[in-house]
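Just upload21.cif here, mmCIF, C-alpha atoms:
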```cif
data_model
#
loop_
_atom_site.group_PDB
_atom_site.id
_atom_site.type_symbol
_atom_site.label_atom_id
_atom_site.label_comp_id
_atom_site.auth_asym_id
_atom_site.auth_seq_id
_atom_site.Cartn_x
_atom_site.Cartn_y
_atom_site.Cartn_z
ATOM 1 C CA MET A 1 0.000 0.000 0.000
ATOM 2 C CA GLU A 2 2.830 2.412 0.729
ATOM 3 C CA MET A 3 3.910 2.383 -2.892
ATOM 4 C CA TYR A 4 0.375 3.155 -4.069
ATOM 5 C CA LEU A 5 0.277 6.192 -1.790
ATOM 6 C CA GLU A 6 3.747 7.302 -2.885
ATOM 7 C CA ALA A 7 3.354 6.807 -6.636
ATOM 8 C CA PRO A 8 -0.155 6.899 -8.078
ATOM 9 C CA SER A 9 0.123 4.064 -10.592
ATOM 10 C CA PRO A 10 -1.624 0.699 -10.884
ATOM 11 C CA ASP A 11 1.693 -0.854 -11.900
ATOM 12 C CA LEU A 12 4.168 -2.411 -9.523
ATOM 13 C CA PRO A 13 7.646 -0.930 -9.466
ATOM 14 C CA PRO A 14 10.431 -3.122 -10.877
ATOM 15 C CA TRP A 15 11.622 -5.968 -8.607
ATOM 16 C CA GLU A 16 14.928 -4.210 -7.897
ATOM 17 C CA VAL A 17 12.948 -1.301 -6.426
ATOM 18 C CA LEU A 18 10.616 -3.586 -4.477
ATOM 19 C CA ASN A 19 13.537 -5.523 -3.024
ATOM 20 C CA GLN A 20 14.983 -2.306 -1.587
ATOM 21 C CA ARG A 21 11.845 -1.632 0.475
ATOM 22 C CA SER A 22 11.572 -2.682 4.076
ATOM 23 C CA TRP A 23 9.023 -5.460 4.102
ATOM 24 C CA PRO A 24 6.469 -5.963 6.860
ATOM 25 C CA HIS A 25 7.698 -6.967 10.265
ATOM 26 C CA TYR A 26 5.969 -10.232 11.184
ATOM 27 C CA VAL A 27 4.865 -10.432 14.802
ATOM 28 C CA ALA A 28 3.354 -13.896 14.313
ATOM 29 C CA PRO A 29 5.231 -15.853 11.680
ATOM 30 C CA VAL A 30 3.526 -17.464 8.726
ATOM 31 C CA VAL A 31 2.612 -21.032 9.636
ATOM 32 C CA ASN A 32 1.684 -24.105 7.592
ATOM 33 C CA ASP A 33 -1.848 -22.900 6.848
ATOM 34 C CA GLY A 34 -0.456 -19.635 5.429
ATOM 35 C CA SER A 35 -1.685 -17.418 8.240
ATOM 36 C CA GLY A 36 0.452 -14.808 9.942
ATOM 37 C CA VAL A 37 0.345 -11.338 11.482
ATOM 38 C CA PHE A 38 2.506 -8.385 10.537
ATOM 39 C CA ALA A 39 2.812 -4.884 11.905
ATOM 40 C CA VAL A 40 1.867 -2.115 9.516
ATOM 41 C CA SER A 41 4.692 0.405 9.261
ATOM 42 C CA ALA A 42 4.417 3.713 11.081
ATOM 43 C CA GLN A 43 4.780 5.459 7.704
ATOM 44 C CA LEU A 44 1.810 3.608 6.207
ATOM 45 C CA THR A 45 -0.249 4.019 9.382
ATOM 46 C CA GLN A 46 0.345 7.795 9.291
ATOM 47 C CA ALA A 47 -0.429 7.974 5.562
ATOM 48 C CA LEU A 48 -3.697 6.063 5.947
ATOM 49 C CA ALA A 49 -4.695 8.069 9.013
ATOM 50 C CA GLY A 50 -4.227 11.320 7.123
ATOM 51 C CA ALA A 51 -5.663 10.222 3.785
ATOM 52 C CA THR A 52 -8.571 12.242 2.459
ATOM 53 C CA PRO A 53 -11.636 10.476 1.024
ATOM 54 C CA SER A 54 -10.485 11.357 -2.501
ATOM 55 C CA ARG A 55 -7.015 9.944 -1.801
ATOM 56 C CA LEU A 56 -8.565 6.727 -0.466
ATOM 57 C CA ARG A 57 -10.758 6.515 -3.591
ATOM 58 C CA GLY A 58 -7.696 6.862 -5.835
ATOM 59 C CA LEU A 59 -5.833 4.264 -3.807
ATOM 60 C CA SER A 60 -8.832 1.943 -4.005
ATOM 61 C CA ASP A 61 -9.056 2.350 -7.776
ATOM 62 C CA ARG A 62 -5.356 1.550 -8.314
ATOM 63 C CA TRP A 63 -5.437 -1.404 -5.908
ATOM 64 C CA THR A 64 -8.556 -2.912 -7.496
ATOM 65 C CA ALA A 65 -7.177 -2.434 -11.007
ATOM 66 C CA ARG A 66 -3.978 -4.241 -10.059
ATOM 67 C CA LEU A 67 -5.853 -7.106 -8.383
ATOM 68 C CA ARG A 68 -7.943 -7.581 -11.505
ATOM 69 C CA ASP A 69 -4.951 -7.409 -13.842
ATOM 70 C CA GLU A 70 -2.662 -9.653 -11.800
ATOM 71 C CA ASP A 71 -5.020 -12.137 -10.180
ATOM 72 C CA GLY A 72 -8.336 -11.870 -11.989
ATOM 73 C CA ASP A 73 -9.826 -10.906 -8.616
ATOM 74 C CA GLU A 74 -13.470 -9.872 -8.677
ATOM 75 C CA MET A 75 -13.303 -7.360 -5.822
ATOM 76 C CA THR A 76 -15.406 -4.335 -6.706
ATOM 77 C CA TYR A 77 -14.233 -0.757 -6.381
ATOM 78 C CA ASP A 78 -16.826 -0.224 -3.646
ATOM 79 C CA ASP A 79 -15.550 -3.278 -1.727
ATOM 80 C CA SER A 80 -11.941 -2.123 -1.807
ATOM 81 C CA LEU A 81 -12.941 1.414 -0.830
ATOM 82 C CA ALA A 82 -14.920 0.054 2.138
ATOM 83 C CA VAL A 83 -11.874 -1.980 3.243
ATOM 84 C CA LEU A 84 -9.508 0.988 2.907
ATOM 85 C CA THR A 85 -11.904 3.337 4.671
ATOM 86 C CA GLY A 86 -12.186 0.899 7.579
ATOM 87 C CA VAL A 87 -8.423 0.426 7.802
ATOM 88 C CA ALA A 88 -7.906 4.204 7.601
ATOM 89 C CA GLY A 89 -10.262 4.556 10.588
ATOM 90 C CA LEU A 90 -8.209 2.015 12.530
ATOM 91 C CA ALA A 91 -5.041 3.895 11.543
ATOM 92 C CA GLN A 92 -6.558 7.133 12.862
ATOM 93 C CA ARG A 93 -7.259 5.478 16.203
ATOM 94 C CA ALA A 94 -3.718 4.097 16.333
ATOM 95 C CA VAL A 95 -2.239 7.545 15.623
ATOM 96 C CA ARG A 96 -4.497 9.264 18.163
ATOM 97 C CA SER A 97 -3.378 6.774 20.814
ATOM 98 C CA GLY A 98 0.023 8.451 20.838
ATOM 99 C CA GLY A 99 1.865 5.208 20.250
ATOM 100 C CA ASP A 100 -0.129 3.056 22.661
ATOM 101 C CA LEU A 101 -1.746 1.197 19.764
ATOM 102 C CA GLY A 102 -0.278 -0.224 16.594
ATOM 103 C CA LEU A 103 -1.876 -1.326 13.373
ATOM 104 C CA TYR A 104 -1.540 -4.992 12.476
ATOM 105 C CA CYS A 105 -2.684 -7.194 9.635
ATOM 106 C CA TRP A 106 -3.687 -10.807 10.066
ATOM 107 C CA HIS A 107 -3.756 -12.806 6.844
ATOM 108 C CA CYS A 108 -4.378 -16.326 5.732
#
```
Now that the file is in, can you turn its structure into C-alpha cells?
Amino acid sequence: MEMYLEAPSPDLPPWEVLNQRSWPHYVAPVVNDGSGVFAVSAQLTQALAGATPSRLRGLSDRWTARLRDEDGDEMTYDDSLAVLTGVAGLAQRAVRSGGDLGLYCWHC
C-alpha cells in the first residue's frame, strides 16, 4: 500500500525497487496454513490516518485495477474502498493513541 500512496500508478515498481523496500515486520510468523500477522509500518499508518476520502478513492481504484490485472480478482471498487476506509479509521485510532496502539494485519 505504501507504494500506491507514494506513486499513483496501478503498476508495480520493478523488482529491484521492491527488493529495496523494508518489508512488513511479522509479529506472528507465517505457519503451515499460510496465516500470519505483521505490523503495519508507522509510515503507512500515518499515511492512511491522514488520507482524504479522494485519496482513499484513488488508492482503491489503483489497488482494485492491479488485483484484476494480476489475479483476476473480482473485488469491486466499492468493496476495496470500504476496506480501505475501515483500515484508515483504525489507523486514525492508532495515531491518536500516541503510540499506545499499533496497526496490524492478520492474513491467511
- Restricting the calculation to only C-alpha atoms, which member of A:Ala94, A:Cys105, A:Leu81, A:Ala88 is positioned closest to Ala51 (chain A)? A:Ala88
- Close residues, Thr85 (chain A) itself excluded, 10 Å, all atoms listed in the file, min 2 positions apart in chain, as a PyMOL selection string: chain A and resi 48-49+51-53+56-57+60+79-83+87-91
- Message: Counting all atoms listed in the file, which residue out of A:Cys108, A:Leu67, A:Ala47, A:Met75 sits closest to Val95 (chain A)?
- Response: A:Ala47
Residue neighbourhood region 22-31 of chain A, 12 Å, all atoms listed in the file, exclusion window fewer than 5 positions, as a PDB file with C-alpha atoms, keeping the file's coordinate frame:
```
ATOM      1  CA  MET A   1       0.000   0.000   0.000  1.00  0.00           C
ATOM      2  CA  GLU A   2       2.830   2.412   0.729  1.00  0.00           C
ATOM      3  CA  MET A   3       3.910   2.383  -2.892  1.00  0.00           C
ATOM      4  CA  VAL A  17      12.948  -1.301  -6.426  1.00  0.00           C
ATOM      5  CA  GLY A  36       0.452 -14.808   9.942  1.00  0.00           C
ATOM      6  CA  VAL A  37       0.345 -11.338  11.482  1.00  0.00           C
ATOM      7  CA  PHE A  38       2.506  -8.385  10.537  1.00  0.00           C
ATOM      8  CA  ALA A  39       2.812  -4.884  11.905  1.00  0.00           C
ATOM      9  CA  VAL A  40       1.867  -2.115   9.516  1.00  0.00           C
ATOM     10  CA  SER A  41       4.692   0.405   9.261  1.00  0.00           C
ATOM     11  CA  ALA A  42       4.417   3.713  11.081  1.00  0.00           C
ATOM     12  CA  GLN A  43       4.780   5.459   7.704  1.00  0.00           C
ATOM     13  CA  LEU A  44       1.810   3.608   6.207  1.00  0.00           C
ATOM     14  CA  GLY A 102      -0.278  -0.224  16.594  1.00  0.00           C
ATOM     15  CA  LEU A 103      -1.876  -1.326  13.373  1.00  0.00           C
ATOM     16  CA  TYR A 104      -1.540  -4.992  12.476  1.00  0.00           C
ATOM     17  CA  CYS A 105      -2.684  -7.194   9.635  1.00  0.00           C
ATOM     18  CA  TRP A 106      -3.687 -10.807  10.066  1.00  0.00           C
ATOM     19  CA  HIS A 107      -3.756 -12.806   6.844  1.00  0.00           C
ATOM     20  CA  CYS A 108      -4.378 -16.326   5.732  1.00  0.00           C
TER      21      CYS A 108
END
```
- Task: One decimal, Å: what's the distance from CA of Gly50 (chain A) over to CA of Gln92 (chain A), could you say?
- Result: 7.5 Å
- For the atom pair CA of Leu59 (chain A) and CA of Glu16 (chain A), what is the interatomic distance in Å to one decimal place? 22.8 Å
- Note on the structure: The distance between CA of Arg62 (chain A) and CA of Gln20 (chain A) is 21.8 Å
Can you take the partial region 67-102 of chain A, add N, CA and C atoms, and return it as a compact mmCIF listing (two decimals), in the coordinates of the input?
```txt
# COMPACT_ATOMS: atom_id res chain seq x y z
N LEU A 67 -5.34 -5.78 -8.74
CA LEU A 67 -5.85 -7.11 -8.38
C LEU A 67 -6.51 -7.77 -9.58
N ARG A 68 -7.27 -7.03 -10.33
CA ARG A 68 -7.94 -7.58 -11.50
C ARG A 68 -6.94 -7.98 -12.58
N ASP A 69 -5.95 -7.12 -12.82
CA ASP A 69 -4.95 -7.41 -13.84
C ASP A 69 -4.07 -8.59 -13.47
N GLU A 70 -3.62 -8.64 -12.22
CA GLU A 70 -2.66 -9.65 -11.80
C GLU A 70 -3.32 -10.99 -11.45
N ASP A 71 -4.45 -10.92 -10.74
CA ASP A 71 -5.02 -12.14 -10.18
C ASP A 71 -6.39 -12.50 -10.73
N GLY A 72 -6.98 -11.63 -11.53
CA GLY A 72 -8.34 -11.87 -11.99
C GLY A 72 -9.35 -11.74 -10.87
N ASP A 73 -8.96 -11.06 -9.78
CA ASP A 73 -9.83 -10.91 -8.62
C ASP A 73 -11.09 -10.15 -8.99
N GLU A 74 -12.19 -10.51 -8.37
CA GLU A 74 -13.47 -9.87 -8.68
C GLU A 74 -13.90 -8.86 -7.62
N MET A 75 -12.97 -8.38 -6.81
CA MET A 75 -13.30 -7.36 -5.82
C MET A 75 -13.81 -6.12 -6.56
N THR A 76 -14.88 -5.53 -6.07
CA THR A 76 -15.41 -4.34 -6.71
C THR A 76 -14.70 -3.11 -6.14
N TYR A 77 -14.82 -2.01 -6.85
CA TYR A 77 -14.23 -0.76 -6.38
C TYR A 77 -14.86 -0.33 -5.06
N ASP A 78 -16.16 -0.57 -4.91
CA ASP A 78 -16.83 -0.22 -3.65
C ASP A 78 -16.32 -1.09 -2.50
N ASP A 79 -16.07 -2.39 -2.77
CA ASP A 79 -15.55 -3.28 -1.73
C ASP A 79 -14.18 -2.81 -1.26
N SER A 80 -13.29 -2.53 -2.20
CA SER A 80 -11.94 -2.12 -1.81
C SER A 80 -11.97 -0.77 -1.10
N LEU A 81 -12.84 0.13 -1.52
CA LEU A 81 -12.94 1.41 -0.83
C LEU A 81 -13.45 1.22 0.59
N ALA A 82 -14.41 0.32 0.79
CA ALA A 82 -14.92 0.05 2.14
C ALA A 82 -13.81 -0.51 3.03
N VAL A 83 -12.99 -1.41 2.48
CA VAL A 83 -11.87 -1.98 3.24
C VAL A 83 -10.89 -0.88 3.61
N LEU A 84 -10.48 -0.08 2.64
CA LEU A 84 -9.51 0.99 2.91
C LEU A 84 -10.05 2.03 3.87
N THR A 85 -11.31 2.37 3.76
CA THR A 85 -11.90 3.34 4.67
C THR A 85 -11.90 2.79 6.10
N GLY A 86 -12.22 1.51 6.25
CA GLY A 86 -12.19 0.90 7.58
C GLY A 86 -10.78 0.85 8.15
N VAL A 87 -9.81 0.48 7.33
CA VAL A 87 -8.42 0.43 7.80
C VAL A 87 -7.91 1.83 8.12
N ALA A 88 -8.31 2.82 7.32
CA ALA A 88 -7.91 4.20 7.60
C ALA A 88 -8.47 4.65 8.95
N GLY A 89 -9.69 4.23 9.28
CA GLY A 89 -10.26 4.56 10.59
C GLY A 89 -9.47 3.92 11.72
N LEU A 90 -9.05 2.68 11.52
CA LEU A 90 -8.21 2.02 12.53
C LEU A 90 -6.86 2.73 12.65
N ALA A 91 -6.31 3.17 11.52
CA ALA A 91 -5.04 3.90 11.54
C ALA A 91 -5.19 5.21 12.30
N GLN A 92 -6.32 5.89 12.13
CA GLN A 92 -6.56 7.13 12.86
C GLN A 92 -6.58 6.88 14.36
N ARG A 93 -7.23 5.80 14.77
CA ARG A 93 -7.26 5.48 16.20
C ARG A 93 -5.86 5.16 16.72
N ALA A 94 -5.09 4.43 15.92
CA ALA A 94 -3.72 4.10 16.33
C ALA A 94 -2.88 5.37 16.49
N VAL A 95 -3.01 6.29 15.56
CA VAL A 95 -2.24 7.54 15.62
C VAL A 95 -2.68 8.37 16.82
N ARG A 96 -3.99 8.47 17.04
CA ARG A 96 -4.50 9.26 18.16
C ARG A 96 -4.10 8.67 19.51
N SER A 97 -3.75 7.40 19.54
CA SER A 97 -3.38 6.77 20.81
C SER A 97 -2.01 7.23 21.30
N GLY A 98 -1.29 7.96 20.45
CA GLY A 98 0.02 8.45 20.84
C GLY A 98 1.06 7.35 20.96
N GLY A 99 0.90 6.30 20.22
CA GLY A 99 1.86 5.21 20.25
C GLY A 99 1.46 4.04 21.13
N ASP A 100 0.33 4.16 21.82
CA ASP A 100 -0.13 3.06 22.66
C ASP A 100 -0.71 1.90 21.84
N LEU A 101 -1.18 2.22 20.64
CA LEU A 101 -1.75 1.20 19.76
C LEU A 101 -0.94 1.13 18.48
N GLY A 102 -0.89 -0.04 17.90
CA GLY A 102 -0.28 -0.22 16.59
C GLY A 102 -1.33 -0.73 15.64
```
